[in-house]
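Engineer: Handing you this structure, nothing more for now.
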Amino acid sequence: MAELGFEDKVAIVTGAGGGLGQQHALLLASRGARVVVNDLGVSVTGESPDNSPAEAVARQIRDHGGDAVADTTSIASAEGGQALVQRALDTYGRIDIVVNNAGILRDVLFDDMTSDQLDPLIDVHLKGTFFVTRPAWIAMRKQGYGRVVNTTSAAGLLGTAKKSNYGAVKGGILGLTRVLAAEGAPHNIKVNAIAPFAMTRMLTHSMDSSADAVDLDPAVMEMMEGFMRKLDPALVSPVVAFLAHEQCPVSGEVYTVGGGQVSQFFIGRTQGYYNPALSVEDVRDHLEQIRDRTGYTVPADPGEESAQLFASIAGGSSLTPG
Ligand code: NAI
């Protein structure tokens, strides 16, 4: 089988000055993509901007014979997103791929969450994904082609302590991915997301912060650290590159990936319980049936979900004539 290449394709990777984004940018560039390496060069918590990480990664790509420019704009504003996309258009004349990867953390228990911890997370992760994707979308629609890869998170989607801000924005990115997949379908724009797991400074920071929340046994910690060492960020990038490729057949999907293991996250619907005179006590008494995953379905869209709901109602005795 032929290798998957990105000749003639232009990609923006946000937060590509280190960690996962750097690996995504390196892989895309090594397969022929021209890459705009965006990074504000901030700390894990979003402080002390520095131009050097983006410049170093762009240089690394060029030193290996690839084509890349550095961009040090913050994607946390509409003007920043617009400027970044304009940079790609001015430099390379088109934009085919957006990898929304930039991110920060400000972990704190919900009781102590202030707007200082919440607003920057919303601005960078959720609004940042909007701010970069929207101007790129306009160009993608005009050319009838585009690929967007968003970054969500298992910690956000499945829920973990001290991350209500992060969970809220990563959940928002899931919803955005699904809606954009629906809107992009007629224009050959595919939009998917990854929930990565990789040993980066962000993961180290997260582990340090959860270690104070849960007092882990040192032996368990040691075993965890052994697994963590296998989580090379470069093992996440093949999924990003595939989702960014012309041959990607899927849209609106989420893949959880770490250390070479790739799986799909999906939203399932149980067969459930139907009663046209549903009461509070019915919910209590049938909770097991409501939660029973036997024969669950995975509705592709709200239309399919409501068709399943209407099928239950239509099959119900209350609607039987006479
Ligand atoms: P990282 O901290 O190494 O990289 C994040 C990059 O984003 C940094 O280089 C930072 O300078 C950049 N950045 C932050 N704010 C920016 C802004 N306003 N404009 C432009 N660049 C900005 O972290 P890592 O681990 O590589 O994370 C990448 C993405 O993956 C994030 O969205 C994160 O939430 C997500 N993720 C990572 C996981 C992991 O296991 N490492 C787990 C789940 C999700």
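Here, A, B, ... name the chains of the structure tokens in the order displayed, residue numbers run from 1 inside each chain, and ligands are numbered from 1 in the same displayed order.
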Give me, as a ChimeraX atom specification, the set of residues whose atoms come within 6 Å of any atom of ligand 1, counting only C-alpha atoms and all ligand atoms.

Structural biologist: /A:14-21,39-42,44,46,74-76,101-104,124,151-153,195-203

Engineer: Now that the selection is made, can you save its residues with N, CA and C atoms as a CSV table (one decimal), in the first residue's frame?

Structural biologist:
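Below you can see out05.csv, which holds the result:
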```csv
chain,number,residue,atom,x,y,z
A,14,THR,N,-1.6,24.4,16.0
A,14,THR,CA,-1.5,25.3,17.1
A,14,THR,C,-0.8,24.6,18.3
A,15,GLY,N,0.0,25.4,19.0
A,15,GLY,CA,0.7,24.9,20.2
A,15,GLY,C,1.7,23.9,19.8
A,16,ALA,N,2.4,24.2,18.6
A,16,ALA,CA,3.3,23.2,18.1
A,16,ALA,C,4.8,23.4,18.5
A,17,GLY,N,5.0,24.2,19.5
A,17,GLY,CA,6.4,24.5,19.9
A,17,GLY,C,7.0,23.5,20.8
A,18,GLY,N,6.1,22.5,21.2
A,18,GLY,CA,6.6,21.4,22.1
A,18,GLY,C,5.5,20.4,22.2
A,19,GLY,N,5.8,19.4,23.1
A,19,GLY,CA,4.8,18.4,23.4
A,19,GLY,C,4.2,17.7,22.2
A,20,LEU,N,2.9,17.5,22.3
A,20,LEU,CA,2.2,16.8,21.2
A,20,LEU,C,2.2,17.6,19.9
A,21,GLY,N,2.0,18.9,20.0
A,21,GLY,CA,1.9,19.7,18.7
A,21,GLY,C,3.1,19.6,17.9
A,39,ASP,N,2.9,28.8,18.0
A,39,ASP,CA,3.0,28.6,19.5
A,39,ASP,C,3.3,29.9,20.2
A,40,LEU,N,2.6,30.2,21.2
A,40,LEU,CA,2.8,31.4,22.0
A,40,LEU,C,4.0,31.2,23.0
A,41,GLY,N,4.4,29.9,23.2
A,41,GLY,CA,5.5,29.7,24.0
A,41,GLY,C,5.3,30.0,25.5
A,42,VAL,N,4.1,29.6,26.0
A,42,VAL,CA,3.8,29.9,27.4
A,42,VAL,C,4.0,28.7,28.3
A,44,VAL,N,2.8,25.8,31.2
A,44,VAL,CA,1.6,25.0,31.3
A,44,VAL,C,0.4,25.7,31.7
A,46,GLY,N,-0.1,28.9,31.2
A,46,GLY,CA,-0.4,30.0,30.2
A,46,GLY,C,0.4,31.3,30.5
A,74,SER,N,-1.0,34.5,19.7
A,74,SER,CA,-1.9,33.7,20.6
A,74,SER,C,-3.2,33.4,19.9
A,75,ILE,N,-3.7,32.2,20.0
A,75,ILE,CA,-4.9,31.8,19.3
A,75,ILE,C,-6.1,32.1,20.2
A,76,ALA,N,-5.9,32.7,21.4
A,76,ALA,CA,-7.0,33.0,22.3
A,76,ALA,C,-7.7,34.2,22.1
A,101,ASN,N,-4.5,22.2,18.8
A,101,ASN,CA,-3.8,21.5,19.8
A,101,ASN,C,-3.4,22.3,21.0
A,102,ALA,N,-3.3,23.6,20.8
A,102,ALA,CA,-2.8,24.5,21.9
A,102,ALA,C,-3.6,24.3,23.2
A,103,GLY,N,-3.0,24.3,24.3
A,103,GLY,CA,-3.8,24.2,25.5
A,103,GLY,C,-3.0,24.6,26.8
A,104,ILE,N,-3.7,24.9,27.8
A,104,ILE,CA,-3.1,25.2,29.1
A,104,ILE,C,-4.0,24.5,30.2
A,124,VAL,N,-8.4,29.8,25.5
A,124,VAL,CA,-7.4,29.0,24.8
A,124,VAL,C,-8.0,27.8,24.1
A,151,THR,N,-8.6,18.8,19.6
A,151,THR,CA,-8.0,18.0,20.7
A,151,THR,C,-8.9,18.1,22.0
A,152,THR,N,-9.5,17.0,22.3
A,152,THR,CA,-10.3,16.9,23.5
A,152,THR,C,-9.5,16.1,24.5
A,153,SER,N,-10.1,15.5,25.5
A,153,SER,CA,-9.3,14.8,26.5
A,153,SER,C,-10.2,13.8,27.3
A,195,ALA,N,-8.5,12.3,21.8
A,195,ALA,CA,-8.3,12.5,23.2
A,195,ALA,C,-6.9,11.8,23.5
A,196,PRO,N,-5.8,12.6,23.5
A,196,PRO,CA,-4.5,12.0,23.5
A,196,PRO,C,-4.1,11.6,25.0
A,197,PHE,N,-3.1,10.8,25.0
A,197,PHE,CA,-2.4,10.5,26.3
A,197,PHE,C,-1.0,10.4,26.0
A,198,ALA,N,-0.2,11.3,26.5
A,198,ALA,CA,1.3,11.4,26.2
A,198,ALA,C,2.1,12.0,27.3
A,199,MET,N,3.3,11.6,27.4
A,199,MET,CA,4.2,12.1,28.4
A,199,MET,C,4.7,13.4,28.0
A,200,THR,N,4.0,14.5,28.4
A,200,THR,CA,4.5,15.8,28.1
A,200,THR,C,4.6,16.6,29.4
A,201,ARG,N,5.0,17.8,29.3
A,201,ARG,CA,5.0,18.6,30.6
A,201,ARG,C,3.6,18.8,31.2
A,202,MET,N,2.6,18.8,30.3
A,202,MET,CA,1.2,19.0,30.8
A,202,MET,C,0.8,17.7,31.6
A,203,LEU,N,1.2,16.6,31.1
A,203,LEU,CA,0.8,15.3,31.9
A,203,LEU,C,1.5,15.3,33.2
```

Engineer: Extract, using only C-alpha atoms, all DNA, RNA and protein residues at most 10 Å from Thr177 in chain A, discarding same-chain residues fewer than 4 positions from it, and format them as JSON, numbers by chain.

Structural biologist: {"A": [129, 148, 149, 150, 151, 152, 171, 172, 173, 181, 182, 183, 190, 191, 192, 193, 251, 252, 253, 254]}

Engineer: Please produce a file of those selected residues containing N, CA and C atoms, as an mmCIF file, in the first residue's frame.

Structural biologist:
```cif
data_model
loop_
_atom_site.group_PDB
_atom_site.id
_atom_site.type_symbol
_atom_site.label_atom_id
_atom_site.label_comp_id
_atom_site.auth_asym_id
_atom_site.auth_seq_id
_atom_site.Cartn_x
_atom_site.Cartn_y
_atom_site.Cartn_z
ATOM 1 N N THR A 129 -10.225 27.186 19.569
ATOM 2 C CA THR A 129 -10.589 26.240 18.496
ATOM 3 C C THR A 129 -11.534 26.934 17.506
ATOM 4 N N VAL A 148 -10.060 19.129 9.748
ATOM 5 C CA VAL A 148 -9.837 19.769 11.046
ATOM 6 C C VAL A 148 -9.693 18.658 12.087
ATOM 7 N N VAL A 149 -8.643 18.739 12.879
ATOM 8 C CA VAL A 149 -8.458 17.771 13.965
ATOM 9 C C VAL A 149 -8.412 18.556 15.282
ATOM 10 N N ASN A 150 -9.385 18.325 16.116
ATOM 11 C CA ASN A 150 -9.466 19.007 17.408
ATOM 12 C C ASN A 150 -8.880 18.130 18.508
ATOM 13 N N THR A 151 -8.591 18.770 19.627
ATOM 14 C CA THR A 151 -8.015 18.013 20.743
ATOM 15 C C THR A 151 -8.914 18.115 21.961
ATOM 16 N N THR A 152 -9.507 16.981 22.301
ATOM 17 C CA THR A 152 -10.298 16.915 23.526
ATOM 18 C C THR A 152 -9.484 16.101 24.529
ATOM 19 N N GLY A 171 -15.273 19.177 26.865
ATOM 20 C CA GLY A 171 -16.616 18.721 26.480
ATOM 21 C C GLY A 171 -17.180 19.605 25.375
ATOM 22 N N GLY A 172 -16.930 20.898 25.497
ATOM 23 C CA GLY A 172 -17.385 21.841 24.459
ATOM 24 C C GLY A 172 -16.756 21.525 23.114
ATOM 25 N N ILE A 173 -15.494 21.130 23.141
ATOM 26 C CA ILE A 173 -14.794 20.804 21.885
ATOM 27 C C ILE A 173 -15.420 19.561 21.235
ATOM 28 N N ALA A 181 -18.741 18.731 11.948
ATOM 29 C CA ALA A 181 -18.755 17.576 11.031
ATOM 30 C C ALA A 181 -20.038 17.607 10.206
ATOM 31 N N ALA A 182 -21.162 17.929 10.863
ATOM 32 C CA ALA A 182 -22.443 17.995 10.139
ATOM 33 C C ALA A 182 -22.412 19.128 9.117
ATOM 34 N N GLU A 183 -21.899 20.293 9.529
ATOM 35 C CA GLU A 183 -21.885 21.437 8.610
ATOM 36 C C GLU A 183 -20.843 21.281 7.502
ATOM 37 N N LYS A 190 -13.849 17.517 6.729
ATOM 38 C CA LYS A 190 -14.020 16.496 7.770
ATOM 39 C C LYS A 190 -13.431 17.004 9.071
ATOM 40 N N VAL A 191 -14.173 16.784 10.144
ATOM 41 C CA VAL A 191 -13.775 17.327 11.445
ATOM 42 C C VAL A 191 -13.839 16.203 12.479
ATOM 43 N N ASN A 192 -12.695 15.874 13.036
ATOM 44 C CA ASN A 192 -12.636 14.813 14.047
ATOM 45 C C ASN A 192 -11.847 15.322 15.247
ATOM 46 N N ALA A 193 -11.796 14.502 16.281
ATOM 47 C CA ALA A 193 -11.052 14.907 17.479
ATOM 48 C C ALA A 193 -10.263 13.730 18.025
ATOM 49 N N SER A 251 -15.937 11.405 9.935
ATOM 50 C CA SER A 251 -16.074 12.786 10.403
ATOM 51 C C SER A 251 -16.949 12.777 11.647
ATOM 52 N N GLY A 252 -16.654 13.680 12.564
ATOM 53 C CA GLY A 252 -17.454 13.793 13.796
ATOM 54 C C GLY A 252 -17.083 12.734 14.817
ATOM 55 N N GLU A 253 -15.909 12.121 14.662
ATOM 56 C CA GLU A 253 -15.543 11.024 15.566
ATOM 57 C C GLU A 253 -14.430 11.443 16.529
ATOM 58 N N VAL A 254 -14.308 10.666 17.605
ATOM 59 C CA VAL A 254 -13.286 10.958 18.617
ATOM 60 C C VAL A 254 -12.467 9.690 18.851
#
```

Engineer: Neighbours of Ser77 in chain A within 8 Å (only C-alpha atoms; same-chain residues fewer than 6 positions away dropped), as a list in words?

Structural biologist: Asp123, Lys127, Gly128 and Phe131 of chain A

Engineer: For the selection you just gave me, I'd like the residues written to a file as a PDB file, in the first residue's frame, keeping N, CA, C and O atoms.

Structural biologist:
```
ATOM      1  N   ASP A 123     -10.796  30.598  26.836  1.00  0.00           N
ATOM      2  CA  ASP A 123     -10.218  31.375  25.722  1.00  0.00           C
ATOM      3  C   ASP A 123      -9.265  30.529  24.876  1.00  0.00           C
ATOM      4  O   ASP A 123      -9.298  30.599  23.652  1.00  0.00           O
ATOM      5  N   LYS A 127     -12.628  28.689  22.829  1.00  0.00           N
ATOM      6  CA  LYS A 127     -12.728  29.797  21.877  1.00  0.00           C
ATOM      7  C   LYS A 127     -11.563  29.731  20.893  1.00  0.00           C
ATOM      8  O   LYS A 127     -11.735  30.042  19.714  1.00  0.00           O
ATOM      9  N   GLY A 128     -10.384  29.315  21.359  1.00  0.00           N
ATOM     10  CA  GLY A 128      -9.224  29.207  20.464  1.00  0.00           C
ATOM     11  C   GLY A 128      -9.523  28.274  19.297  1.00  0.00           C
ATOM     12  O   GLY A 128      -9.137  28.542  18.161  1.00  0.00           O
ATOM     13  N   PHE A 131     -11.699  30.282  17.093  1.00  0.00           N
ATOM     14  CA  PHE A 131     -11.007  31.429  16.495  1.00  0.00           C
ATOM     15  C   PHE A 131     -10.102  31.029  15.337  1.00  0.00           C
ATOM     16  O   PHE A 131      -9.935  31.800  14.398  1.00  0.00           O
TER      17      PHE A 131
END
```

Engineer: So the first atom is CA of Lys9 in chain A and the second is CA of Tyr92 in chain A; what is the distance between them in Å, to one decimal place?

Structural biologist: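 That distance, rounded to one decimal, is 9.2 Å.
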
Engineer: Give me the residues within 6 Å of Gly272 in chain A as a list in words, counting only C-alpha atoms and dropping any in the same chain fewer than 2 places off.

Structural biologist: Thr270, Gln289 and Ile290 of chain A

Engineer: With all heavy atoms retained, export the selected residues as a tab-separated table (two decimals), in the first residue's frame.

Structural biologist:
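Final output, selection.tsv:
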```
chain	number	residue	atom	x	y	z
A	270	THR	N	-28.91	3.58	25.37
A	270	THR	CA	-29.46	2.27	25.76
A	270	THR	C	-30.88	2.11	25.19
A	270	THR	O	-31.52	3.10	24.79
A	270	THR	CB	-29.53	2.15	27.30
A	270	THR	OG1	-30.42	3.15	27.81
A	270	THR	CG2	-28.15	2.29	27.93
A	289	GLN	N	-33.04	-1.09	34.11
A	289	GLN	CA	-33.40	-1.27	32.70
A	289	GLN	C	-32.97	-0.05	31.86
A	289	GLN	O	-32.46	-0.19	30.75
A	289	GLN	CB	-34.92	-1.46	32.58
A	289	GLN	CG	-35.36	-1.73	31.14
A	289	GLN	CD	-36.86	-1.86	31.00
A	289	GLN	OE1	-37.59	-2.04	32.00
A	289	GLN	NE2	-37.36	-1.77	29.77
A	290	ILE	N	-33.14	1.13	32.43
A	290	ILE	CA	-32.75	2.36	31.71
A	290	ILE	C	-31.24	2.33	31.42
A	290	ILE	O	-30.79	2.73	30.36
A	290	ILE	CB	-33.11	3.61	32.55
A	290	ILE	CG1	-34.63	3.74	32.69
A	290	ILE	CG2	-32.51	4.88	31.97
A	290	ILE	CD1	-35.10	4.72	33.75
```

Engineer: Report, in Å to a single decimal, how far apart CA of Phe266 in chain A and CA of Phe227 in chain A are.

Structural biologist: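 Going from CA of Phe227 in chain A over to CA of Phe266 in chain A, I get 25.0 Å.
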
Engineer: Please provide as number ranges by chain all residues within 12 Å of Ala70 in chain A, with the sequence filter that same-chain residues fewer than 6 positions apart are discarded (counting only C-alpha atoms).

Structural biologist: A: 12-17, 22, 25, 34-41, 51-62, 84, 87-88, 91

Engineer: Emit the selected residues as an mmCIF file, in the first residue's frame, including N, CA and C atoms.

Structural biologist:
```cif
data_model
loop_
_atom_site.group_PDB
_atom_site.id
_atom_site.type_symbol
_atom_site.label_atom_id
_atom_site.label_comp_id
_atom_site.auth_asym_id
_atom_site.auth_seq_id
_atom_site.Cartn_x
_atom_site.Cartn_y
_atom_site.Cartn_z
ATOM 1 N N ILE A 12 -1.935 24.110 9.541
ATOM 2 C CA ILE A 12 -1.645 24.922 10.730
ATOM 3 C C ILE A 12 -1.703 23.960 11.906
ATOM 4 N N VAL A 13 -0.684 23.977 12.750
ATOM 5 C CA VAL A 13 -0.744 23.214 14.002
ATOM 6 C C VAL A 13 -0.562 24.224 15.129
ATOM 7 N N THR A 14 -1.564 24.355 15.987
ATOM 8 C CA THR A 14 -1.451 25.307 17.095
ATOM 9 C C THR A 14 -0.757 24.633 18.275
ATOM 10 N N GLY A 15 -0.039 25.425 19.048
ATOM 11 C CA GLY A 15 0.679 24.880 20.207
ATOM 12 C C GLY A 15 1.735 23.874 19.770
ATOM 13 N N ALA A 16 2.393 24.166 18.635
ATOM 14 C CA ALA A 16 3.321 23.174 18.050
ATOM 15 C C ALA A 16 4.780 23.408 18.451
ATOM 16 N N GLY A 17 5.005 24.244 19.452
ATOM 17 C CA GLY A 17 6.380 24.516 19.872
ATOM 18 C C GLY A 17 6.955 23.453 20.797
ATOM 19 N N GLN A 22 4.277 19.615 18.599
ATOM 20 C CA GLN A 22 5.563 19.528 17.888
ATOM 21 C C GLN A 22 5.618 18.236 17.074
ATOM 22 N N ALA A 25 3.366 18.404 14.048
ATOM 23 C CA ALA A 25 3.954 19.251 12.995
ATOM 24 C C ALA A 25 5.094 18.515 12.291
ATOM 25 N N ARG A 34 3.287 21.589 4.047
ATOM 26 C CA ARG A 34 3.905 22.859 4.435
ATOM 27 C C ARG A 34 3.189 23.292 5.711
ATOM 28 N N VAL A 35 3.956 23.593 6.736
ATOM 29 C CA VAL A 35 3.346 23.722 8.070
ATOM 30 C C VAL A 35 3.571 25.104 8.674
ATOM 31 N N VAL A 36 2.498 25.669 9.202
ATOM 32 C CA VAL A 36 2.621 26.871 10.026
ATOM 33 C C VAL A 36 2.672 26.387 11.473
ATOM 34 N N VAL A 37 3.829 26.563 12.079
ATOM 35 C CA VAL A 37 4.079 26.093 13.450
ATOM 36 C C VAL A 37 3.698 27.224 14.396
ATOM 37 N N ASN A 38 2.478 27.135 14.928
ATOM 38 C CA ASN A 38 2.028 28.201 15.838
ATOM 39 C C ASN A 38 2.325 27.841 17.282
ATOM 40 N N ASP A 39 2.860 28.778 18.035
ATOM 41 C CA ASP A 39 2.983 28.564 19.488
ATOM 42 C C ASP A 39 3.308 29.894 20.170
ATOM 43 N N LEU A 40 2.585 30.151 21.237
ATOM 44 C CA LEU A 40 2.820 31.371 22.014
ATOM 45 C C LEU A 40 3.981 31.186 22.982
ATOM 46 N N GLY A 41 4.386 29.942 23.182
ATOM 47 C CA GLY A 41 5.544 29.675 24.035
ATOM 48 C C GLY A 41 5.305 29.987 25.502
ATOM 49 N N ASN A 51 8.941 33.480 22.097
ATOM 50 C CA ASN A 51 8.891 33.147 20.663
ATOM 51 C C ASN A 51 9.717 31.925 20.287
ATOM 52 N N SER A 52 10.670 31.547 21.150
ATOM 53 C CA SER A 52 11.666 30.564 20.692
ATOM 54 C C SER A 52 11.120 29.157 20.416
ATOM 55 N N PRO A 53 10.125 28.626 21.168
ATOM 56 C CA PRO A 53 9.700 27.251 20.835
ATOM 57 C C PRO A 53 9.165 27.108 19.399
ATOM 58 N N ALA A 54 8.312 28.034 18.963
ATOM 59 C CA ALA A 54 7.763 27.932 17.588
ATOM 60 C C ALA A 54 8.891 28.047 16.574
ATOM 61 N N GLU A 55 9.803 28.999 16.825
ATOM 62 C CA GLU A 55 10.890 29.203 15.871
ATOM 63 C C GLU A 55 11.799 27.966 15.804
ATOM 64 N N ALA A 56 12.055 27.353 16.969
ATOM 65 C CA ALA A 56 12.935 26.178 17.003
ATOM 66 C C ALA A 56 12.312 25.009 16.222
ATOM 67 N N VAL A 57 11.000 24.811 16.362
ATOM 68 C CA VAL A 57 10.360 23.677 15.663
ATOM 69 C C VAL A 57 10.312 23.942 14.154
ATOM 70 N N ALA A 58 10.024 25.179 13.771
ATOM 71 C CA ALA A 58 10.010 25.497 12.329
ATOM 72 C C ALA A 58 11.411 25.263 11.744
ATOM 73 N N ARG A 59 12.424 25.671 12.519
ATOM 74 C CA ARG A 59 13.811 25.479 12.054
ATOM 75 C C ARG A 59 14.122 23.984 11.947
ATOM 76 N N GLN A 60 13.699 23.227 12.953
ATOM 77 C CA GLN A 60 13.929 21.768 12.956
ATOM 78 C C GLN A 60 13.345 21.139 11.677
ATOM 79 N N ILE A 61 12.157 21.590 11.296
ATOM 80 C CA ILE A 61 11.516 21.055 10.080
ATOM 81 C C ILE A 61 12.337 21.433 8.848
ATOM 82 N N ARG A 62 12.736 22.699 8.780
ATOM 83 C CA ARG A 62 13.510 23.148 7.603
ATOM 84 C C ARG A 62 14.860 22.436 7.538
ATOM 85 N N LEU A 84 -3.365 34.265 12.295
ATOM 86 C CA LEU A 84 -2.684 32.987 12.052
ATOM 87 C C LEU A 84 -3.094 32.395 10.697
ATOM 88 N N ARG A 87 -1.689 34.334 7.926
ATOM 89 C CA ARG A 87 -0.254 34.009 7.782
ATOM 90 C C ARG A 87 -0.081 32.807 6.845
ATOM 91 N N ALA A 88 -0.928 31.780 7.074
ATOM 92 C CA ALA A 88 -0.850 30.580 6.223
ATOM 93 C C ALA A 88 -1.200 30.936 4.781
ATOM 94 N N THR A 91 1.579 33.071 3.206
ATOM 95 C CA THR A 91 2.838 32.344 2.984
ATOM 96 C C THR A 91 2.674 31.258 1.929
#
```

Engineer: Got a sec to tell me which of range 123-244 of chain A DSSP assigns to strand (DSSP E), as a list in words?

Structural biologist: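 Answer for range 123-244 of chain A, restricted to strand (DSSP E): Gly146, Arg147, Val148, Val149, Asn150, Thr151, Ile189, Lys190, Val191, Asn192, Ala193, Ile194, Ala195, Pro196 and Phe197 of chain A.
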
Engineer: Quick one: write out the picked residues with N, CA, C and O atoms as an mmCIF file, in the first residue's frame?

Structural biologist:
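Listing of part.cif after writing:
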```
data_model
loop_
_atom_site.group_PDB
_atom_site.id
_atom_site.type_symbol
_atom_site.label_atom_id
_atom_site.label_comp_id
_atom_site.auth_asym_id
_atom_site.auth_seq_id
_atom_site.Cartn_x
_atom_site.Cartn_y
_atom_site.Cartn_z
ATOM 1 N N GLY A 146 -11.250 20.337 3.197
ATOM 2 C CA GLY A 146 -10.583 20.700 4.452
ATOM 3 C C GLY A 146 -10.606 19.567 5.454
ATOM 4 O O GLY A 146 -11.440 18.655 5.391
ATOM 5 N N ARG A 147 -9.650 19.603 6.336
ATOM 6 C CA ARG A 147 -9.574 18.623 7.433
ATOM 7 C C ARG A 147 -9.256 19.379 8.727
ATOM 8 O O ARG A 147 -8.299 20.171 8.764
ATOM 9 N N VAL A 148 -10.060 19.129 9.748
ATOM 10 C CA VAL A 148 -9.837 19.769 11.046
ATOM 11 C C VAL A 148 -9.693 18.658 12.087
ATOM 12 O O VAL A 148 -10.515 17.730 12.125
ATOM 13 N N VAL A 149 -8.643 18.739 12.879
ATOM 14 C CA VAL A 149 -8.458 17.771 13.965
ATOM 15 C C VAL A 149 -8.412 18.556 15.282
ATOM 16 O O VAL A 149 -7.524 19.396 15.482
ATOM 17 N N ASN A 150 -9.385 18.325 16.116
ATOM 18 C CA ASN A 150 -9.466 19.007 17.408
ATOM 19 C C ASN A 150 -8.880 18.130 18.508
ATOM 20 O O ASN A 150 -8.749 16.919 18.347
ATOM 21 N N THR A 151 -8.591 18.770 19.627
ATOM 22 C CA THR A 151 -8.015 18.013 20.743
ATOM 23 C C THR A 151 -8.914 18.115 21.961
ATOM 24 O O THR A 151 -9.079 19.178 22.557
ATOM 25 N N ILE A 189 -15.424 18.852 4.050
ATOM 26 C CA ILE A 189 -14.590 19.227 5.196
ATOM 27 C C ILE A 189 -14.879 18.197 6.287
ATOM 28 O O ILE A 189 -16.038 18.013 6.689
ATOM 29 N N LYS A 190 -13.849 17.517 6.729
ATOM 30 C CA LYS A 190 -14.020 16.496 7.770
ATOM 31 C C LYS A 190 -13.431 17.004 9.071
ATOM 32 O O LYS A 190 -12.334 17.583 9.083
ATOM 33 N N VAL A 191 -14.173 16.784 10.144
ATOM 34 C CA VAL A 191 -13.775 17.327 11.445
ATOM 35 C C VAL A 191 -13.839 16.203 12.479
ATOM 36 O O VAL A 191 -14.909 15.631 12.715
ATOM 37 N N ASN A 192 -12.695 15.874 13.036
ATOM 38 C CA ASN A 192 -12.636 14.813 14.047
ATOM 39 C C ASN A 192 -11.847 15.322 15.247
ATOM 40 O O ASN A 192 -11.308 16.427 15.225
ATOM 41 N N ALA A 193 -11.796 14.502 16.281
ATOM 42 C CA ALA A 193 -11.052 14.907 17.479
ATOM 43 C C ALA A 193 -10.263 13.730 18.025
ATOM 44 O O ALA A 193 -10.634 12.571 17.820
ATOM 45 N N ILE A 194 -9.188 14.076 18.739
ATOM 46 C CA ILE A 194 -8.460 13.050 19.475
ATOM 47 C C ILE A 194 -8.540 13.365 20.959
ATOM 48 O O ILE A 194 -8.665 14.525 21.360
ATOM 49 N N ALA A 195 -8.474 12.322 21.752
ATOM 50 C CA ALA A 195 -8.279 12.455 23.200
ATOM 51 C C ALA A 195 -6.924 11.791 23.451
ATOM 52 O O ALA A 195 -6.833 10.564 23.524
ATOM 53 N N PRO A 196 -5.843 12.585 23.485
ATOM 54 C CA PRO A 196 -4.510 11.981 23.546
ATOM 55 C C PRO A 196 -4.085 11.629 24.963
ATOM 56 O O PRO A 196 -4.689 12.086 25.937
ATOM 57 N N PHE A 197 -3.055 10.833 25.046
ATOM 58 C CA PHE A 197 -2.442 10.492 26.329
ATOM 59 C C PHE A 197 -0.955 10.401 26.026
ATOM 60 O O PHE A 197 -0.522 9.519 25.276
#
```

Engineer: In Å to one decimal, how far is CA of Val257 in chain A from CA of Ala219 in chain A?

Structural biologist: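 A separation of 25.6 Å between them.
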
Engineer: Could you write out, as a PyMOL selection string, all the residues of range 49-87 of chain A that DSSP marks as alpha helix (DSSP H)?

Structural biologist: chain A and resi 52-63+78-87

Engineer: As a list in words, please: the residues near Arg293 in chain A (cut-off 12 Å, only C-alpha atoms, same-chain neighbours under 4 positions excluded).

Structural biologist: Ile267, Gly268, Arg269, Thr270, Gln271, Gly272, Tyr273, Leu287, Glu288, Gln289, Thr297 and Val298 of chain A

Engineer: Go ahead and save the picked residues with N, CA and C atoms, as a short mmCIF file (atom, residue, chain, number, x, y, z; two decimals), in the first residue's frame.

Structural biologist:
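Result file follows (selection-v4.cif):
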```cif
data_model
loop_
_atom_site.label_atom_id
_atom_site.label_comp_id
_atom_site.auth_asym_id
_atom_site.auth_seq_id
_atom_site.Cartn_x
_atom_site.Cartn_y
_atom_site.Cartn_z
N ILE A 267 -20.77 7.94 21.60
CA ILE A 267 -21.90 8.22 22.49
C ILE A 267 -22.98 7.17 22.19
N GLY A 268 -23.24 6.34 23.18
CA GLY A 268 -24.21 5.26 23.01
C GLY A 268 -25.53 5.60 23.67
N ARG A 269 -26.57 4.89 23.24
CA ARG A 269 -27.92 5.11 23.78
C ARG A 269 -28.49 3.74 24.14
N THR A 270 -28.91 3.58 25.37
CA THR A 270 -29.46 2.27 25.76
C THR A 270 -30.88 2.11 25.19
N GLN A 271 -31.32 0.87 25.14
CA GLN A 271 -32.71 0.62 24.69
C GLN A 271 -33.69 1.33 25.63
N GLY A 272 -33.36 1.31 26.91
CA GLY A 272 -34.11 2.12 27.87
C GLY A 272 -35.48 1.57 28.25
N TYR A 273 -36.30 2.46 28.72
CA TYR A 273 -37.61 2.11 29.28
C TYR A 273 -38.61 3.12 28.78
N LEU A 287 -34.53 1.89 36.92
CA LEU A 287 -33.20 2.45 36.65
C LEU A 287 -32.26 1.43 36.01
N GLU A 288 -32.35 0.20 36.49
CA GLU A 288 -31.48 -0.85 35.95
C GLU A 288 -31.75 -1.05 34.46
N GLN A 289 -33.04 -1.09 34.11
CA GLN A 289 -33.40 -1.27 32.70
C GLN A 289 -32.97 -0.05 31.86
N THR A 297 -27.47 1.48 21.05
CA THR A 297 -27.22 1.98 19.70
C THR A 297 -26.28 3.19 19.78
N VAL A 298 -25.74 3.56 18.62
CA VAL A 298 -24.86 4.73 18.55
C VAL A 298 -25.47 5.67 17.50
#
```

Engineer: Which residue out of A:His125, A:His24, A:Lys170, A:Lys163 has the minimum interatomic distance to Pro233 in chain A when only C-alpha atoms are used?

Structural biologist: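 Of A:His125, A:His24, A:Lys170, A:Lys163, the one nearest Pro233 in chain A, counting only C-alpha atoms, is A:His24.
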